[in-house]
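Inspection log for the structure reproduced underneath, given as structure tokens.
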Amino acid sequence: MVDEQLLKILVCPENKTPVALVEADVIERANAAINTGKLKNRSGSVVEEKIDEGLLREDKAYLYPIRDGIPIMLIDEAIPFDQLS
């Protein structure tokens with residue numbers, strides 16, 4: 001679980017808009033897509049490692065994965081959210 005104080009200061013590294021934790025069903029869908037090898041990150045690489053939580057950019061364009069309580073706030077690691085709709 002990500003620290004609440006950290007969540008308050010995190011923003012998208014690309015456009016500095018706020019991010020928010022996503023619901024558990026989004027994480028379930030993401031991990032199901034990871035299991036089938038169909039989820040790609042922004043750089044076009046297949047996401048191979050499951051995620052524990054995720055931070056969704058305010059415009060709902062990208063999901064930043066959280067693994068072991070650590071937000072992965074790298075632009076290329078962001079997951080285009082339209083893959084999960």
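In the structure tokens, each chain is lettered A, B, ... as it comes, each chain's residues begin at 1, and ligands are numbered from 1 in order of appearance.
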Ile66 of chain A: which residues within 10 Å, counting only C-alpha atoms, same-chain residues fewer than 4 positions away excluded, as a PyMOL selection string? chain A and resi 1-2+21+50-55+70-73
Could you turn the residues from that selection into a file that holds N, CA and C atoms, as a PDB file, in the first residue's frame?
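File written: selection-v9.pdb
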```pdb
ATOM      1  N   MET A   1       0.834  -1.180   0.000  1.00  0.00           N
ATOM      2  CA  MET A   1       0.000   0.000   0.000  1.00  0.00           C
ATOM      3  C   MET A   1       0.880   1.244   0.000  1.00  0.00           C
ATOM      4  N   VAL A   2       0.519   2.182  -0.853  1.00  0.00           N
ATOM      5  CA  VAL A   2       1.285   3.425  -0.967  1.00  0.00           C
ATOM      6  C   VAL A   2       0.888   4.375   0.154  1.00  0.00           C
ATOM      7  N   LEU A  21      -5.389   6.609  -7.118  1.00  0.00           N
ATOM      8  CA  LEU A  21      -5.434   5.147  -7.065  1.00  0.00           C
ATOM      9  C   LEU A  21      -6.655   4.634  -7.816  1.00  0.00           C
ATOM     10  N   LYS A  50       3.253  -8.597 -12.854  1.00  0.00           N
ATOM     11  CA  LYS A  50       1.959  -8.171 -12.318  1.00  0.00           C
ATOM     12  C   LYS A  50       2.110  -6.899 -11.500  1.00  0.00           C
ATOM     13  N   ILE A  51       1.000  -6.176 -11.378  1.00  0.00           N
ATOM     14  CA  ILE A  51       1.011  -4.957 -10.580  1.00  0.00           C
ATOM     15  C   ILE A  51       0.121  -5.143  -9.352  1.00  0.00           C
ATOM     16  N   ASP A  52       0.480  -4.454  -8.283  1.00  0.00           N
ATOM     17  CA  ASP A  52      -0.261  -4.546  -7.023  1.00  0.00           C
ATOM     18  C   ASP A  52      -1.360  -3.495  -6.928  1.00  0.00           C
ATOM     19  N   GLU A  53      -1.038  -2.313  -7.439  1.00  0.00           N
ATOM     20  CA  GLU A  53      -1.959  -1.185  -7.451  1.00  0.00           C
ATOM     21  C   GLU A  53      -1.610  -0.346  -8.672  1.00  0.00           C
ATOM     22  N   GLY A  54      -2.370   0.721  -8.886  1.00  0.00           N
ATOM     23  CA  GLY A  54      -2.062   1.596 -10.001  1.00  0.00           C
ATOM     24  C   GLY A  54      -2.550   3.003  -9.760  1.00  0.00           C
ATOM     25  N   LEU A  55      -1.857   3.941 -10.384  1.00  0.00           N
ATOM     26  CA  LEU A  55      -2.218   5.352 -10.304  1.00  0.00           C
ATOM     27  C   LEU A  55      -2.647   5.812 -11.689  1.00  0.00           C
ATOM     28  N   ILE A  70       5.755   0.568  -4.404  1.00  0.00           N
ATOM     29  CA  ILE A  70       6.560   1.613  -5.042  1.00  0.00           C
ATOM     30  C   ILE A  70       5.915   2.024  -6.363  1.00  0.00           C
ATOM     31  N   PRO A  71       5.479   3.281  -6.475  1.00  0.00           N
ATOM     32  CA  PRO A  71       4.923   3.759  -7.742  1.00  0.00           C
ATOM     33  C   PRO A  71       6.022   3.851  -8.808  1.00  0.00           C
ATOM     34  N   ILE A  72       5.760   3.292  -9.966  1.00  0.00           N
ATOM     35  CA  ILE A  72       6.704   3.343 -11.081  1.00  0.00           C
ATOM     36  C   ILE A  72       6.286   4.527 -11.963  1.00  0.00           C
ATOM     37  N   MET A  73       6.836   5.679 -11.671  1.00  0.00           N
ATOM     38  CA  MET A  73       6.417   6.926 -12.315  1.00  0.00           C
ATOM     39  C   MET A  73       7.346   7.291 -13.476  1.00  0.00           C
TER      40      MET A  73
END
```
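Backbone DSSP over chain A yields helix (DSSP H, G or I) at Glu4, Gln5, Leu6, Leu7, Lys8, Ile9, Ala24, Asp25, Val26, Ile27, Glu28, Arg29, Ala30, Asn31, Ala32, Ala33, Ile34, Asn35, Ile75, Asp76, Glu77, Phe81, Asp82, Gln83 and Leu84 of chain A.
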Fewer than 4 positions away in the same chain doesn't count, so skip those; otherwise give me all residues within 9 Å of Asn41 of chain A, counting only C-alpha atoms, as a tab-separated table (two decimals) with C-alpha atoms, in the first residue's frame.
```tsv
chain	number	residue	atom	x	y	z
A	45	SER	CA	6.94	-3.44	-24.57
A	46	VAL	CA	4.78	-6.25	-23.23
A	47	VAL	CA	4.20	-5.85	-19.49
A	76	ASP	CA	7.75	4.69	-20.79
A	77	GLU	CA	6.42	2.33	-18.08
A	78	ALA	CA	2.96	3.93	-18.09
A	79	ILE	CA	0.20	1.69	-19.41
A	80	PRO	CA	-2.22	3.25	-21.93
```
Work out how far apart atom CA of Val26 of chain A and atom CA of Glu58 of chain A are and give it in Å to one decimal. 15.2 Å
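For the choices A:Leu39, A:Ala32, A:Leu56, A:Ala24, the atom-to-atom distance to Gln83 of chain A is smallest for A:Leu39 when using only C-alpha atoms.
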To one decimal place in Å, what is the distance between atom CA of Glu48 of chain A and atom CA of Glu23 of chain A?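 Between these atoms lies a distance of 20.7 Å.
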